[in-house]
Structure formats: C-alpha cells, structure tokens
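Heads up, the thing below is written out as structure tokens.
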Amino acid sequence: MKDEIERIALMEGASKVGIASVESFAGAPNGHAPADFIPDAKSVISFGIGLLDAAVERDRLFLNSQMVPEELRTTVQEYLYETVAYRMVNSRLDQIGLSIALFFEKQGYPSMCFPATYDEQYEPLMSKIPNFQAPFSHRHAAVRAGLGEFGLSNLVLTPEYGPRIRLNSVITSMQLEPGPIIREKLCIRGCTLCMEACASCAYNSSINILTPKENLNWNEIWLDPPSITDKHVCNSGRCAGGCVRACPVGSKRNT
C-alpha cells in the first residue's frame, strides 16, 4: 500500500513523498492535530513538488529584452514567478492530495486532504482571526515524514531542492509504515543568507522578519522552526521569496 501511494503521487507530478506517524505530531496546536481532522488518524502522507529553477531565479529573465521595457521588467518577472512557481504548483498539489485521499476512502479508510495554500477568497481570515495560520502544517508533516528539516528561514530544506519545493499533506486512518527522520543536517552552520535576503528586500529595514531562537543547536536536526517569524510582514510579500533564492542548499545556481 505504501508503494501504491508513492506511485500515485509520483505519477501525478510529485517530486518527493514520505509518511509520518500521527504520534510524531504530539504538541500540535489544539484543533490542528491529525486526530482533530480524522479521529482515528494513523498516518500522514507528505509530498512536495520541486520548483523550476528558471522561475525561482526570475531576476535573470528579460534582461536586455526587446519587448519588455526595463521599468516593467520586475513586474513581468514577478508575474511569471507567481504563476509558474506558485499557482500552477499549488493547483497540482491540490489534485495529488485529493487523489490520495479518494484512494484511501475507496479502501474504506476515512481521510482528509487540504489546499496547498489559501487563495484570495480566504485572505480576509488573515485579518479577522488573530495569529491565523493554515489548518494543518505541511512543513511539520514534511519534516516528520523524512523529506527534509527546518532551515533557519523556517522553510523546509530538502537535499534535492533546498527550500525550492512546495508541500501538501493527507491524513488517513490507514496504518502505514513511517519513514525515518532525515539524519544528515542540511542547514549550513552559521549561514545567514536567508535572513540577509529577507531584510534587504523589506521596505522597512528596521523590521526584523526573522529572529533566531535562543540556544540553537546547530548539531541537531531541526524538527521545528528555529526562528521567530514576523508572519504579517512575511505575508505581505515584500521579499517575494528572497530567502528561497538565497539559500545555497540544493541550489543549481552555480552548476
């Protein structure tokens, strides 16, 4: 069954697939743990799609273009990034999640899938509900399923893509063998390129978007976010993924 789930996900476009046990989500916020969605939850399937490098490195596009005026180049670059590396990928992630959940349901196992991210119609919730977050943490699921570890930026780093991957999850009542937690540390000791990129892109440089937590142990795998994020500033889109582009883990920039 585990092989069949991986086959479905990979066939529909996933780059990585992993399985986590429900027990590994101990300490999740009330109302957002696997059992809050499926009372008899046993497993969480985590999967992700790697982003196209050309879309992530969008500042290289349309240089000296004969059709795109220089004053509009950034706007066109951001449009391509928003479409190719965000909306298209999220749409595919939604479809993969639904396919996996329906597969489990047909086997008689209640399951739940999620949107990869919220779209515009849900944005009002961000202002109406204090500290509003996603219904279920795809990042925590990915780390617990062995796909990667949290980086200093609070994004999940994978060996193949670094943070250049978008994630989704499915909760099911079927008991599946979980994968091992990643053992090789990925976040480079002392590297702060993600934080530097984040600060340099903020309109107000006095705002600290990322603040490392005290007493970080660089020798352990980070299973939880190692930094405190000003999510309101981050959600404003000011840096537009600067931390993703700056991270050297899994980068093909120099290859």
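Chain labels A, B, ... are given in the sequence in which chains occur in the structure tokens; within each chain residues are numbered consecutively from 1, and ligands are likewise numbered from 1 in the order shown.
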
Residues near region 60-65 of chain A, anyone? I mean within 9 Å using only C-alpha atoms, not counting same-chain ones fewer than 6 positions away, as a PyMOL selection string.
chain A and resi 54+73+76-77

Tell me which protein, DNA and RNA residues are within 7 Å of Asn154 (chain A), counting only C-alpha atoms, leaving out same-chain ones fewer than 6 positions away, and put them as a ChimeraX atom specification.
/A:225-227

Sorted by chain and rising residue number, list the residues of region 91-187 of chain A at most 12 Å from region 191-195 of chain A (counting only C-alpha atoms), each with its closest atom pair and distance in Å to one decimal, as a Markdown table.
| residue | atom | partner | partner_atom | distance |
| --- | --- | --- | --- | --- |
| A:Gly151 | CA | A:Cys194 | CA | 9.2 |
| A:Leu152 | CA | A:Cys194 | CA | 7.5 |
| A:Ser153 | CA | A:Cys194 | CA | 6.0 |
| A:Asn154 | CA | A:Cys194 | CA | 9.8 |
| A:Leu155 | CA | A:Cys194 | CA | 9.9 |
| A:Leu157 | CA | A:Cys194 | CA | 11.9 |
| A:Gly162 | CA | A:Cys194 | CA | 11.7 |
| A:Pro163 | CA | A:Cys194 | CA | 10.3 |
| A:Leu186 | CA | A:Cys191 | CA | 11.0 |
| A:Cys187 | CA | A:Cys191 | CA | 7.7 |

For Leu102 (chain A), work out the shell of residues within 12 Å, counting only C-alpha atoms and skipping chain neighbours fewer than 3 positions away, then give it as a PyMOL selection string.
chain A and resi 5+8+95-99+105-113+170-172

How would the residues just chosen look if you wrote them out with N, CA and C atoms as a PDB file, in the first residue's frame?
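Output saved as result39.pdb:
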ATOM      1  N   ILE A   5       0.778   4.290  -2.829  1.00  0.00           N
ATOM      2  CA  ILE A   5       0.601   5.719  -2.543  1.00  0.00           C
ATOM      3  C   ILE A   5       1.711   6.528  -3.202  1.00  0.00           C
ATOM      4  N   ILE A   8       1.053   6.736  -6.947  1.00  0.00           N
ATOM      5  CA  ILE A   8       0.018   7.707  -7.306  1.00  0.00           C
ATOM      6  C   ILE A   8       0.571   9.126  -7.264  1.00  0.00           C
ATOM      7  N   GLN A  95      -4.544  18.618  -6.488  1.00  0.00           N
ATOM      8  CA  GLN A  95      -5.049  17.436  -7.200  1.00  0.00           C
ATOM      9  C   GLN A  95      -4.422  16.155  -6.665  1.00  0.00           C
ATOM     10  N   ILE A  96      -3.135  16.190  -6.375  1.00  0.00           N
ATOM     11  CA  ILE A  96      -2.472  14.999  -5.832  1.00  0.00           C
ATOM     12  C   ILE A  96      -3.079  14.632  -4.482  1.00  0.00           C
ATOM     13  N   GLY A  97      -3.291  15.641  -3.639  1.00  0.00           N
ATOM     14  CA  GLY A  97      -3.877  15.381  -2.325  1.00  0.00           C
ATOM     15  C   GLY A  97      -5.253  14.761  -2.424  1.00  0.00           C
ATOM     16  N   LEU A  98      -6.073  15.280  -3.320  1.00  0.00           N
ATOM     17  CA  LEU A  98      -7.423  14.733  -3.485  1.00  0.00           C
ATOM     18  C   LEU A  98      -7.367  13.293  -4.009  1.00  0.00           C
ATOM     19  N   SER A  99      -6.479  13.014  -4.953  1.00  0.00           N
ATOM     20  CA  SER A  99      -6.353  11.663  -5.500  1.00  0.00           C
ATOM     21  C   SER A  99      -5.966  10.662  -4.415  1.00  0.00           C
ATOM     22  N   GLU A 105     -10.164   6.473   0.773  1.00  0.00           N
ATOM     23  CA  GLU A 105     -11.598   6.365   1.056  1.00  0.00           C
ATOM     24  C   GLU A 105     -12.193   5.141   0.350  1.00  0.00           C
ATOM     25  N   LYS A 106     -11.747   4.874  -0.864  1.00  0.00           N
ATOM     26  CA  LYS A 106     -12.259   3.715  -1.601  1.00  0.00           C
ATOM     27  C   LYS A 106     -11.847   2.409  -0.937  1.00  0.00           C
ATOM     28  N   GLN A 107     -10.739   2.452  -0.177  1.00  0.00           N
ATOM     29  CA  GLN A 107     -10.297   1.257   0.545  1.00  0.00           C
ATOM     30  C   GLN A 107     -10.997   1.125   1.898  1.00  0.00           C
ATOM     31  N   GLY A 108     -11.845   2.120   2.215  1.00  0.00           N
ATOM     32  CA  GLY A 108     -12.576   2.067   3.473  1.00  0.00           C
ATOM     33  C   GLY A 108     -11.910   2.789   4.619  1.00  0.00           C
ATOM     34  N   TYR A 109     -10.942   3.680   4.325  1.00  0.00           N
ATOM     35  CA  TYR A 109     -10.219   4.393   5.366  1.00  0.00           C
ATOM     36  C   TYR A 109     -10.517   5.894   5.276  1.00  0.00           C
ATOM     37  N   PRO A 110     -11.241   6.455   6.242  1.00  0.00           N
ATOM     38  CA  PRO A 110     -11.510   7.895   6.229  1.00  0.00           C
ATOM     39  C   PRO A 110     -10.220   8.703   6.123  1.00  0.00           C
ATOM     40  N   SER A 111     -10.242   9.728   5.285  1.00  0.00           N
ATOM     41  CA  SER A 111      -9.031  10.511   5.021  1.00  0.00           C
ATOM     42  C   SER A 111      -9.405  11.971   4.812  1.00  0.00           C
ATOM     43  N   MET A 112      -8.403  12.838   4.884  1.00  0.00           N
ATOM     44  CA  MET A 112      -8.623  14.263   4.693  1.00  0.00           C
ATOM     45  C   MET A 112      -7.451  14.853   3.934  1.00  0.00           C
ATOM     46  N   CYS A 113      -7.771  15.634   2.894  1.00  0.00           N
ATOM     47  CA  CYS A 113      -6.737  16.377   2.174  1.00  0.00           C
ATOM     48  C   CYS A 113      -6.944  17.868   2.431  1.00  0.00           C
ATOM     49  N   VAL A 170      -1.839  14.678   3.390  1.00  0.00           N
ATOM     50  CA  VAL A 170      -3.093  13.934   3.506  1.00  0.00           C
ATOM     51  C   VAL A 170      -3.047  13.164   4.825  1.00  0.00           C
ATOM     52  N   ILE A 171      -4.143  13.242   5.576  1.00  0.00           N
ATOM     53  CA  ILE A 171      -4.273  12.483   6.817  1.00  0.00           C
ATOM     54  C   ILE A 171      -5.191  11.289   6.553  1.00  0.00           C
ATOM     55  N   THR A 172      -4.807  10.123   7.056  1.00  0.00           N
ATOM     56  CA  THR A 172      -5.622   8.927   6.811  1.00  0.00           C
ATOM     57  C   THR A 172      -5.678   8.042   8.046  1.00  0.00           C
TER      58      THR A 172
END

CA of Glu70 (chain A) to CA of Ala197 (chain A): how many Å, to one decimal?
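These atoms are spaced 22.7 Å apart.
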
What is the CA of Phe103 (chain A)-CA of Ile165 (chain A) distance in Å, reported with one decimal?
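The value is 24.2 Å.
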
Of A:Glu78, A:Glu6, A:Glu160, A:Glu214, the one nearest to Pro248 (chain A) when counting only C-alpha atoms is A:Glu160
